[in-house]
>>> print(open('entry.cif').read())   # mmCIF, N, CA, C and O atoms, pLDDT in the B column; chains and numbers go by the auth columns
data_target
loop_
_atom_site.group_PDB
_atom_site.id
_atom_site.type_symbol
_atom_site.label_atom_id
_atom_site.label_comp_id
_atom_site.label_asym_id
_atom_site.label_seq_id
_atom_site.Cartn_x
_atom_site.Cartn_y
_atom_site.Cartn_z
_atom_site.B_iso_or_equiv
_atom_site.auth_seq_id
_atom_site.auth_asym_id
ATOM 1 N N MET A 1 24.398 -30.492 -12.122 82.00 1 J
ATOM 2 C CA MET A 1 24.002 -29.300 -12.858 82.00 1 J
ATOM 3 C C MET A 1 22.538 -28.930 -12.566 82.00 1 J
ATOM 4 O O MET A 1 22.235 -27.751 -12.391 82.00 1 J
ATOM 5 N N VAL A 2 21.671 -29.911 -12.516 84.00 2 J
ATOM 6 C CA VAL A 2 20.247 -29.647 -12.258 84.00 2 J
ATOM 7 C C VAL A 2 20.028 -29.056 -10.856 84.00 2 J
ATOM 8 O O VAL A 2 19.262 -28.100 -10.718 84.00 2 J
ATOM 9 N N PRO A 3 20.690 -29.572 -9.803 85.00 3 J
ATOM 10 C CA PRO A 3 20.480 -28.956 -8.481 85.00 3 J
ATOM 11 C C PRO A 3 20.923 -27.491 -8.431 85.00 3 J
ATOM 12 O O PRO A 3 20.276 -26.676 -7.772 85.00 3 J
ATOM 13 N N ILE A 4 21.987 -27.153 -9.145 85.00 4 J
ATOM 14 C CA ILE A 4 22.445 -25.761 -9.159 85.00 4 J
ATOM 15 C C ILE A 4 21.404 -24.870 -9.829 85.00 4 J
ATOM 16 O O ILE A 4 21.086 -23.776 -9.337 85.00 4 J
ATOM 17 N N ILE A 5 20.845 -25.345 -10.929 88.00 5 J
ATOM 18 C CA ILE A 5 19.806 -24.579 -11.631 88.00 5 J
ATOM 19 C C ILE A 5 18.573 -24.422 -10.746 88.00 5 J
ATOM 20 O O ILE A 5 17.971 -23.346 -10.690 88.00 5 J
ATOM 21 N N LEU A 6 18.193 -25.488 -10.029 88.00 6 J
ATOM 22 C CA LEU A 6 17.043 -25.409 -9.141 88.00 6 J
ATOM 23 C C LEU A 6 17.269 -24.423 -8.000 88.00 6 J
ATOM 24 O O LEU A 6 16.374 -23.652 -7.646 88.00 6 J
ATOM 25 N N VAL A 7 18.465 -24.419 -7.425 87.00 7 J
ATOM 26 C CA VAL A 7 18.772 -23.478 -6.354 87.00 7 J
ATOM 27 C C VAL A 7 18.759 -22.049 -6.875 87.00 7 J
ATOM 28 O O VAL A 7 18.214 -21.144 -6.227 87.00 7 J
ATOM 29 N N LEU A 8 19.329 -21.814 -8.044 86.00 8 J
ATOM 30 C CA LEU A 8 19.320 -20.471 -8.620 86.00 8 J
ATOM 31 C C LEU A 8 17.894 -20.022 -8.953 86.00 8 J
ATOM 32 O O LEU A 8 17.537 -18.857 -8.738 86.00 8 J
ATOM 33 N N LEU A 9 17.079 -20.929 -9.465 88.00 9 J
ATOM 34 C CA LEU A 9 15.684 -20.612 -9.769 88.00 9 J
ATOM 35 C C LEU A 9 14.914 -20.274 -8.489 88.00 9 J
ATOM 36 O O LEU A 9 14.141 -19.316 -8.453 88.00 9 J
ATOM 37 N N LEU A 10 15.141 -21.036 -7.432 86.00 10 J
ATOM 38 C CA LEU A 10 14.489 -20.771 -6.153 86.00 10 J
ATOM 39 C C LEU A 10 14.922 -19.419 -5.590 86.00 10 J
ATOM 40 O O LEU A 10 14.099 -18.646 -5.089 86.00 10 J
ATOM 41 N N ALA A 11 16.204 -19.116 -5.686 85.00 11 J
ATOM 42 C CA ALA A 11 16.705 -17.826 -5.211 85.00 11 J
ATOM 43 C C ALA A 11 16.081 -16.679 -6.012 85.00 11 J
ATOM 44 O O ALA A 11 15.706 -15.647 -5.444 85.00 11 J
ATOM 45 N N LEU A 12 15.936 -16.840 -7.300 85.00 12 J
ATOM 46 C CA LEU A 12 15.328 -15.813 -8.142 85.00 12 J
ATOM 47 C C LEU A 12 13.860 -15.602 -7.777 85.00 12 J
ATOM 48 O O LEU A 12 13.394 -14.460 -7.674 85.00 12 J
ATOM 49 N N ILE A 13 13.132 -16.675 -7.541 86.00 13 J
ATOM 50 C CA ILE A 13 11.716 -16.567 -7.162 86.00 13 J
ATOM 51 C C ILE A 13 11.573 -15.872 -5.809 86.00 13 J
ATOM 52 O O ILE A 13 10.732 -14.988 -5.628 86.00 13 J
ATOM 53 N N LEU A 14 12.404 -16.263 -4.846 83.00 14 J
ATOM 54 C CA LEU A 14 12.320 -15.653 -3.520 83.00 14 J
ATOM 55 C C LEU A 14 12.718 -14.179 -3.560 83.00 14 J
ATOM 56 O O LEU A 14 12.127 -13.353 -2.861 83.00 14 J
ATOM 57 N N PHE A 15 13.699 -13.817 -4.368 83.00 15 J
ATOM 58 C CA PHE A 15 14.088 -12.420 -4.501 83.00 15 J
ATOM 59 C C PHE A 15 12.953 -11.603 -5.110 83.00 15 J
ATOM 60 O O PHE A 15 12.643 -10.510 -4.644 83.00 15 J
ATOM 61 N N GLY A 16 12.319 -12.138 -6.136 82.00 16 J
ATOM 62 C CA GLY A 16 11.196 -11.436 -6.774 82.00 16 J
ATOM 63 C C GLY A 16 10.027 -11.268 -5.827 82.00 16 J
ATOM 64 O O GLY A 16 9.405 -10.203 -5.766 82.00 16 J
ATOM 65 N N ALA A 17 9.719 -12.291 -5.039 83.00 17 J
ATOM 66 C CA ALA A 17 8.617 -12.197 -4.084 83.00 17 J
ATOM 67 C C ALA A 17 8.939 -11.187 -2.987 83.00 17 J
ATOM 68 O O ALA A 17 8.075 -10.419 -2.570 83.00 17 J
ATOM 69 N N GLY A 18 10.171 -11.186 -2.527 82.00 18 J
ATOM 70 C CA GLY A 18 10.562 -10.226 -1.495 82.00 18 J
ATOM 71 C C GLY A 18 10.469 -8.792 -1.986 82.00 18 J
ATOM 72 O O GLY A 18 10.001 -7.907 -1.272 82.00 18 J
ATOM 73 N N PHE A 19 10.878 -8.555 -3.214 82.00 19 J
ATOM 74 C CA PHE A 19 10.792 -7.208 -3.780 82.00 19 J
ATOM 75 C C PHE A 19 9.339 -6.785 -3.943 82.00 19 J
ATOM 76 O O PHE A 19 8.975 -5.654 -3.619 82.00 19 J
ATOM 77 N N ALA A 20 8.482 -7.708 -4.420 83.00 20 J
ATOM 78 C CA ALA A 20 7.062 -7.389 -4.610 83.00 20 J
ATOM 79 C C ALA A 20 6.395 -7.097 -3.272 83.00 20 J
ATOM 80 O O ALA A 20 5.598 -6.156 -3.157 83.00 20 J
ATOM 81 N N LEU A 21 6.702 -7.872 -2.247 84.00 21 J
ATOM 82 C CA LEU A 21 6.092 -7.649 -0.936 84.00 21 J
ATOM 83 C C LEU A 21 6.557 -6.323 -0.338 84.00 21 J
ATOM 84 O O LEU A 21 5.780 -5.612 0.287 84.00 21 J
ATOM 85 N N LYS A 22 7.831 -5.979 -0.542 87.00 22 J
ATOM 86 C CA LYS A 22 8.335 -4.704 -0.025 87.00 22 J
ATOM 87 C C LYS A 22 7.647 -3.540 -0.734 87.00 22 J
ATOM 88 O O LYS A 22 7.272 -2.556 -0.096 87.00 22 J
ATOM 89 N N ALA A 23 7.465 -3.651 -2.044 86.00 23 J
ATOM 90 C CA ALA A 23 6.773 -2.599 -2.800 86.00 23 J
ATOM 91 C C ALA A 23 5.322 -2.478 -2.336 86.00 23 J
ATOM 92 O O ALA A 23 4.797 -1.361 -2.201 86.00 23 J
ATOM 93 N N LEU A 24 4.667 -3.602 -2.064 87.00 24 J
ATOM 94 C CA LEU A 24 3.282 -3.554 -1.594 87.00 24 J
ATOM 95 C C LEU A 24 3.183 -2.903 -0.215 87.00 24 J
ATOM 96 O O LEU A 24 2.213 -2.197 0.075 87.00 24 J
ATOM 97 N N TRP A 25 4.165 -3.120 0.648 88.00 25 J
ATOM 98 C CA TRP A 25 4.165 -2.466 1.958 88.00 25 J
ATOM 99 C C TRP A 25 4.262 -0.957 1.800 88.00 25 J
ATOM 100 O O TRP A 25 3.575 -0.206 2.488 88.00 25 J
ATOM 101 N N TRP A 26 5.123 -0.475 0.900 90.00 26 J
ATOM 102 C CA TRP A 26 5.252 0.968 0.692 90.00 26 J
ATOM 103 C C TRP A 26 3.964 1.558 0.136 90.00 26 J
ATOM 104 O O TRP A 26 3.542 2.645 0.539 90.00 26 J
ATOM 105 N N ILE A 27 3.323 0.852 -0.794 91.00 27 J
ATOM 106 C CA ILE A 27 2.045 1.326 -1.346 91.00 27 J
ATOM 107 C C ILE A 27 0.988 1.391 -0.250 91.00 27 J
ATOM 108 O O ILE A 27 0.219 2.352 -0.157 91.00 27 J
ATOM 109 N N ALA A 28 0.947 0.370 0.625 91.00 28 J
ATOM 110 C CA ALA A 28 -0.025 0.355 1.718 91.00 28 J
ATOM 111 C C ALA A 28 0.219 1.514 2.676 91.00 28 J
ATOM 112 O O ALA A 28 -0.733 2.139 3.158 91.00 28 J
ATOM 113 N N ILE A 29 1.462 1.831 2.964 92.00 29 J
ATOM 114 C CA ILE A 29 1.774 2.947 3.870 92.00 29 J
ATOM 115 C C ILE A 29 1.342 4.273 3.256 92.00 29 J
ATOM 116 O O ILE A 29 0.763 5.131 3.933 92.00 29 J
ATOM 117 N N ILE A 30 1.576 4.454 1.960 93.00 30 J
ATOM 118 C CA ILE A 30 1.177 5.691 1.284 93.00 30 J
ATOM 119 C C ILE A 30 -0.336 5.847 1.288 93.00 30 J
ATOM 120 O O ILE A 30 -0.867 6.928 1.570 93.00 30 J
ATOM 121 N N VAL A 31 -1.067 4.759 1.017 90.00 31 J
ATOM 122 C CA VAL A 31 -2.530 4.807 1.025 90.00 31 J
ATOM 123 C C VAL A 31 -3.046 5.128 2.423 90.00 31 J
ATOM 124 O O VAL A 31 -3.986 5.912 2.585 90.00 31 J
ATOM 125 N N LEU A 32 -2.428 4.554 3.448 90.00 32 J
ATOM 126 C CA LEU A 32 -2.841 4.830 4.824 90.00 32 J
ATOM 127 C C LEU A 32 -2.629 6.301 5.174 90.00 32 J
ATOM 128 O O LEU A 32 -3.494 6.927 5.795 90.00 32 J
ATOM 129 N N ILE A 33 -1.521 6.884 4.759 91.00 33 J
ATOM 130 C CA ILE A 33 -1.257 8.300 5.037 91.00 33 J
ATOM 131 C C ILE A 33 -2.278 9.186 4.338 91.00 33 J
ATOM 132 O O ILE A 33 -2.816 10.126 4.933 91.00 33 J
ATOM 133 N N VAL A 34 -2.584 8.878 3.079 87.00 34 J
ATOM 134 C CA VAL A 34 -3.581 9.667 2.345 87.00 34 J
ATOM 135 C C VAL A 34 -4.948 9.536 3.011 87.00 34 J
ATOM 136 O O VAL A 34 -5.684 10.523 3.150 87.00 34 J
ATOM 137 N N TRP A 35 -5.296 8.337 3.464 83.00 35 J
ATOM 138 C CA TRP A 35 -6.580 8.109 4.122 83.00 35 J
ATOM 139 C C TRP A 35 -6.675 8.894 5.426 83.00 35 J
ATOM 140 O O TRP A 35 -7.701 9.504 5.728 83.00 35 J
ATOM 141 N N LEU A 36 -5.592 8.900 6.214 83.00 36 J
ATOM 142 C CA LEU A 36 -5.595 9.648 7.470 83.00 36 J
ATOM 143 C C LEU A 36 -5.631 11.157 7.226 83.00 36 J
ATOM 144 O O LEU A 36 -6.278 11.891 7.972 83.00 36 J
ATOM 145 N N LEU A 37 -4.937 11.625 6.194 84.00 37 J
ATOM 146 C CA LEU A 37 -4.980 13.048 5.871 84.00 37 J
ATOM 147 C C LEU A 37 -6.377 13.489 5.445 84.00 37 J
ATOM 148 O O LEU A 37 -6.769 14.632 5.649 84.00 37 J
ATOM 149 N N GLY A 38 -7.142 12.567 4.873 77.00 38 J
ATOM 150 C CA GLY A 38 -8.508 12.883 4.469 77.00 38 J
ATOM 151 C C GLY A 38 -9.384 13.259 5.641 77.00 38 J
ATOM 152 O O GLY A 38 -10.320 14.047 5.498 77.00 38 J
ATOM 153 N N PHE A 39 -9.121 12.724 6.818 74.00 39 J
ATOM 154 C CA PHE A 39 -9.903 13.087 7.993 74.00 39 J
ATOM 155 C C PHE A 39 -9.526 14.472 8.507 74.00 39 J
ATOM 156 O O PHE A 39 -10.336 15.161 9.112 74.00 39 J
ATOM 157 N N VAL A 40 -8.286 14.873 8.294 76.00 40 J
ATOM 158 C CA VAL A 40 -7.823 16.172 8.768 76.00 40 J
ATOM 159 C C VAL A 40 -8.245 17.282 7.811 76.00 40 J
ATOM 160 O O VAL A 40 -8.639 18.369 8.230 76.00 40 J
ATOM 161 N N ILE A 41 -8.196 17.011 6.518 76.00 41 J
ATOM 162 C CA ILE A 41 -8.453 18.031 5.497 76.00 41 J
ATOM 163 C C ILE A 41 -9.845 17.828 4.903 76.00 41 J
ATOM 164 O O ILE A 41 -10.010 17.840 3.705 76.00 41 J
ATOM 165 N N ARG A 42 -10.841 17.627 5.744 68.00 42 J
ATOM 166 C CA ARG A 42 -12.204 17.448 5.239 68.00 42 J
ATOM 167 C C ARG A 42 -12.813 18.794 4.893 68.00 42 J
ATOM 168 O O ARG A 42 -12.640 19.758 5.637 68.00 42 J
ATOM 169 N N PRO A 43 -13.554 18.853 3.796 61.00 43 J
ATOM 170 C CA PRO A 43 -14.242 20.117 3.482 61.00 43 J
ATOM 171 C C PRO A 43 -15.454 20.301 4.403 61.00 43 J
ATOM 172 O O PRO A 43 -16.050 19.342 4.861 61.00 43 J
ATOM 173 N N THR A 44 -15.817 21.544 4.646 59.00 44 J
ATOM 174 C CA THR A 44 -17.006 21.815 5.455 59.00 44 J
ATOM 175 C C THR A 44 -18.204 21.968 4.533 59.00 44 J
ATOM 176 O O THR A 44 -18.105 22.507 3.436 59.00 44 J
ATOM 177 N N SER A 45 -19.342 21.487 4.985 59.00 45 J
ATOM 178 C CA SER A 45 -20.557 21.617 4.186 59.00 45 J
ATOM 179 C C SER A 45 -21.215 22.960 4.476 59.00 45 J
ATOM 180 O O SER A 45 -20.701 23.771 5.240 59.00 45 J
ATOM 181 N N GLY A 46 -22.394 23.186 3.900 55.00 46 J
ATOM 182 C CA GLY A 46 -23.062 24.483 4.015 55.00 46 J
ATOM 183 C C GLY A 46 -23.382 24.893 5.434 55.00 46 J
ATOM 184 O O GLY A 46 -23.286 26.069 5.782 55.00 46 J
ATOM 185 N N GLY A 47 -23.749 23.963 6.307 55.00 47 J
ATOM 186 C CA GLY A 47 -24.128 24.304 7.667 55.00 47 J
ATOM 187 C C GLY A 47 -22.953 24.416 8.620 55.00 47 J
ATOM 188 O O GLY A 47 -23.152 24.469 9.825 55.00 47 J
ATOM 189 N N GLY A 48 -21.741 24.392 8.137 56.00 48 J
ATOM 190 C CA GLY A 48 -20.570 24.438 8.987 56.00 48 J
ATOM 191 C C GLY A 48 -20.182 23.084 9.539 56.00 48 J
ATOM 192 O O GLY A 48 -19.228 22.941 10.275 56.00 48 J
ATOM 193 N N LYS A 49 -20.957 22.062 9.167 60.00 49 J
ATOM 194 C CA LYS A 49 -20.677 20.705 9.628 60.00 49 J
ATOM 195 C C LYS A 49 -19.609 20.079 8.738 60.00 49 J
ATOM 196 O O LYS A 49 -19.583 20.326 7.537 60.00 49 J
ATOM 197 N N ARG A 50 -18.748 19.288 9.326 59.00 50 J
ATOM 198 C CA ARG A 50 -17.690 18.646 8.547 59.00 50 J
ATOM 199 C C ARG A 50 -18.304 17.580 7.646 59.00 50 J
ATOM 200 O O ARG A 50 -19.042 16.723 8.110 59.00 50 J
ATOM 201 N N GLY A 51 -17.981 17.630 6.364 60.00 51 J
ATOM 202 C CA GLY A 51 -18.507 16.663 5.410 60.00 51 J
ATOM 203 C C GLY A 51 -17.561 15.512 5.204 60.00 51 J
ATOM 204 O O GLY A 51 -16.451 15.490 5.707 60.00 51 J
ATOM 205 N N ARG A 52 -18.012 14.539 4.436 61.00 52 J
ATOM 206 C CA ARG A 52 -17.152 13.410 4.106 61.00 52 J
ATOM 207 C C ARG A 52 -16.322 13.769 2.883 61.00 52 J
ATOM 208 O O ARG A 52 -16.804 14.384 1.955 61.00 52 J
ATOM 209 N N TRP A 53 -15.073 13.354 2.881 57.00 53 J
ATOM 210 C CA TRP A 53 -14.187 13.663 1.755 57.00 53 J
ATOM 211 C C TRP A 53 -14.213 12.563 0.706 57.00 53 J
ATOM 212 O O TRP A 53 -13.651 12.696 -0.353 57.00 53 J
ATOM 213 N N TYR A 54 -14.864 11.468 1.013 59.00 54 J
ATOM 214 C CA TYR A 54 -14.971 10.362 0.057 59.00 54 J
ATOM 215 C C TYR A 54 -16.414 10.216 -0.379 59.00 54 J
ATOM 216 O O TYR A 54 -17.310 10.803 0.218 59.00 54 J
ATOM 217 N N ARG A 55 -16.671 9.418 -1.387 57.00 55 J
ATOM 218 C CA ARG A 55 -18.017 9.345 -1.963 57.00 55 J
ATOM 219 C C ARG A 55 -18.774 8.080 -1.590 57.00 55 J
ATOM 220 O O ARG A 55 -19.878 7.892 -2.035 57.00 55 J
ATOM 221 N N TRP A 56 -18.211 7.165 -0.791 52.00 56 J
ATOM 222 C CA TRP A 56 -18.955 5.960 -0.526 52.00 56 J
ATOM 223 C C TRP A 56 -19.898 6.134 0.602 52.00 56 J
ATOM 224 O O TRP A 56 -19.899 6.533 1.570 52.00 56 J
#
>>> encode(input="entry.cif", output="structure tokens")
Amino acid sequence: MVPIILVLLLALILFGAGFALKALWWIAIIVLIVWLLGFVIRPTSGGGKRGRWYRW
């Protein structure tokens, strides 16, 4: 009985980790797309020079 519970617990942990890692990959892809779009859609400053779209 104990080995069955341990195997089920291990399967549950691995399933949860796999789901979390997949969700993190999607979040990383979305952030990368937004970051790349920031270079394309930069506002122009007063002198016609392209400004930075971020504040750092």
>>> axis_aligned_box(input="entry.cif", around="region 10-13 of chain J", padding_each_side="8 Å", output="JSON")
{"center_x": 13.7, "center_y": -17.7, "center_z": -6.6, "size_x": 22.0, "size_y": 22.6, "size_z": 19.1}
>>> atom_distance(input="entry.cif", atom1="CA of Leu9 (chain J)", atom2="atom N of Trp26 (chain J)")
25.1 Å
>>> atom_distance(input="entry.cif", atom1="atom O of Gly16 (chain J)", atom2="atom N of Ala28 (chain J)")
15.0 Å
>>> atom_distance(input="entry.cif", atom1="CA of Ile27 (chain J)", atom2="CA of Phe39 (chain J)")
19.2 Å
>>> build_atoms(input="entry.cif", residues="region 26-37 of chain J", atoms="all heavy atoms", output="CSV table (one decimal), in the frame of the given file")
chain,number,residue,atom,x,y,z
J,26,TRP,N,5.1,-0.5,0.9
J,26,TRP,CA,5.3,1.0,0.7
J,26,TRP,C,4.0,1.6,0.1
J,26,TRP,O,3.5,2.6,0.5
J,26,TRP,CB,6.4,1.3,-0.2
J,26,TRP,CG,7.7,1.2,0.5
J,26,TRP,CD1,8.7,0.3,0.3
J,26,TRP,CD2,8.2,2.1,1.5
J,26,TRP,NE1,9.7,0.5,1.2
J,26,TRP,CE2,9.5,1.6,1.9
J,26,TRP,CE3,7.7,3.2,2.1
J,26,TRP,CZ2,10.2,2.3,2.9
J,26,TRP,CZ3,8.4,3.9,3.1
J,26,TRP,CH2,9.7,3.4,3.5
J,27,ILE,N,3.3,0.9,-0.8
J,27,ILE,CA,2.0,1.3,-1.3
J,27,ILE,C,1.0,1.4,-0.2
J,27,ILE,O,0.2,2.4,-0.2
J,27,ILE,CB,1.6,0.4,-2.5
J,27,ILE,CG1,2.5,0.6,-3.7
J,27,ILE,CG2,0.2,0.7,-2.9
J,27,ILE,CD1,2.3,-0.4,-4.8
J,28,ALA,N,0.9,0.4,0.6
J,28,ALA,CA,0.0,0.4,1.7
J,28,ALA,C,0.2,1.5,2.7
J,28,ALA,O,-0.7,2.1,3.2
J,28,ALA,CB,0.0,-1.0,2.5
J,29,ILE,N,1.5,1.8,3.0
J,29,ILE,CA,1.8,2.9,3.9
J,29,ILE,C,1.3,4.3,3.3
J,29,ILE,O,0.8,5.1,3.9
J,29,ILE,CB,3.3,2.9,4.2
J,29,ILE,CG1,3.6,1.8,5.1
J,29,ILE,CG2,3.7,4.2,4.9
J,29,ILE,CD1,5.1,1.5,5.3
J,30,ILE,N,1.6,4.5,2.0
J,30,ILE,CA,1.2,5.7,1.3
J,30,ILE,C,-0.3,5.8,1.3
J,30,ILE,O,-0.9,6.9,1.6
J,30,ILE,CB,1.7,5.7,-0.2
J,30,ILE,CG1,3.3,5.9,-0.1
J,30,ILE,CG2,1.1,6.8,-1.0
J,30,ILE,CD1,4.0,5.7,-1.4
J,31,VAL,N,-1.1,4.8,1.0
J,31,VAL,CA,-2.5,4.8,1.0
J,31,VAL,C,-3.0,5.1,2.4
J,31,VAL,O,-4.0,5.9,2.6
J,31,VAL,CB,-3.1,3.5,0.5
J,31,VAL,CG1,-4.6,3.4,0.8
J,31,VAL,CG2,-2.8,3.3,-1.0
J,32,LEU,N,-2.4,4.6,3.4
J,32,LEU,CA,-2.8,4.8,4.8
J,32,LEU,C,-2.6,6.3,5.2
J,32,LEU,O,-3.5,6.9,5.8
J,32,LEU,CB,-2.1,3.9,5.8
J,32,LEU,CG,-2.4,4.2,7.3
J,32,LEU,CD1,-3.8,3.7,7.6
J,32,LEU,CD2,-1.4,3.4,8.1
J,33,ILE,N,-1.5,6.9,4.8
J,33,ILE,CA,-1.3,8.3,5.0
J,33,ILE,C,-2.3,9.2,4.3
J,33,ILE,O,-2.8,10.1,4.9
J,33,ILE,CB,0.2,8.7,4.6
J,33,ILE,CG1,1.2,8.0,5.6
J,33,ILE,CG2,0.4,10.2,4.6
J,33,ILE,CD1,2.6,8.1,5.1
J,34,VAL,N,-2.6,8.9,3.1
J,34,VAL,CA,-3.6,9.7,2.3
J,34,VAL,C,-4.9,9.5,3.0
J,34,VAL,O,-5.7,10.5,3.2
J,34,VAL,CB,-3.6,9.2,0.9
J,34,VAL,CG1,-4.8,9.8,0.2
J,34,VAL,CG2,-2.3,9.6,0.2
J,35,TRP,N,-5.3,8.3,3.5
J,35,TRP,CA,-6.6,8.1,4.1
J,35,TRP,C,-6.7,8.9,5.4
J,35,TRP,O,-7.7,9.5,5.7
J,35,TRP,CB,-6.7,6.6,4.4
J,35,TRP,CG,-8.0,6.2,5.0
J,35,TRP,CD1,-9.3,6.3,4.4
J,35,TRP,CD2,-8.2,5.7,6.3
J,35,TRP,NE1,-10.2,5.9,5.3
J,35,TRP,CE2,-9.6,5.5,6.5
J,35,TRP,CE3,-7.4,5.4,7.4
J,35,TRP,CZ2,-10.1,5.0,7.6
J,35,TRP,CZ3,-7.9,4.9,8.5
J,35,TRP,CH2,-9.3,4.7,8.6
J,36,LEU,N,-5.6,8.9,6.2
J,36,LEU,CA,-5.6,9.6,7.5
J,36,LEU,C,-5.6,11.2,7.2
J,36,LEU,O,-6.3,11.9,8.0
J,36,LEU,CB,-4.4,9.3,8.3
J,36,LEU,CG,-4.4,7.9,8.9
J,36,LEU,CD1,-3.1,7.5,9.6
J,36,LEU,CD2,-5.6,7.7,9.9
J,37,LEU,N,-4.9,11.6,6.2
J,37,LEU,CA,-5.0,13.0,5.9
J,37,LEU,C,-6.4,13.5,5.4
J,37,LEU,O,-6.8,14.6,5.6
J,37,LEU,CB,-4.0,13.4,4.8
J,37,LEU,CG,-2.5,13.5,5.2
J,37,LEU,CD1,-1.6,13.7,4.0
J,37,LEU,CD2,-2.3,14.6,6.2
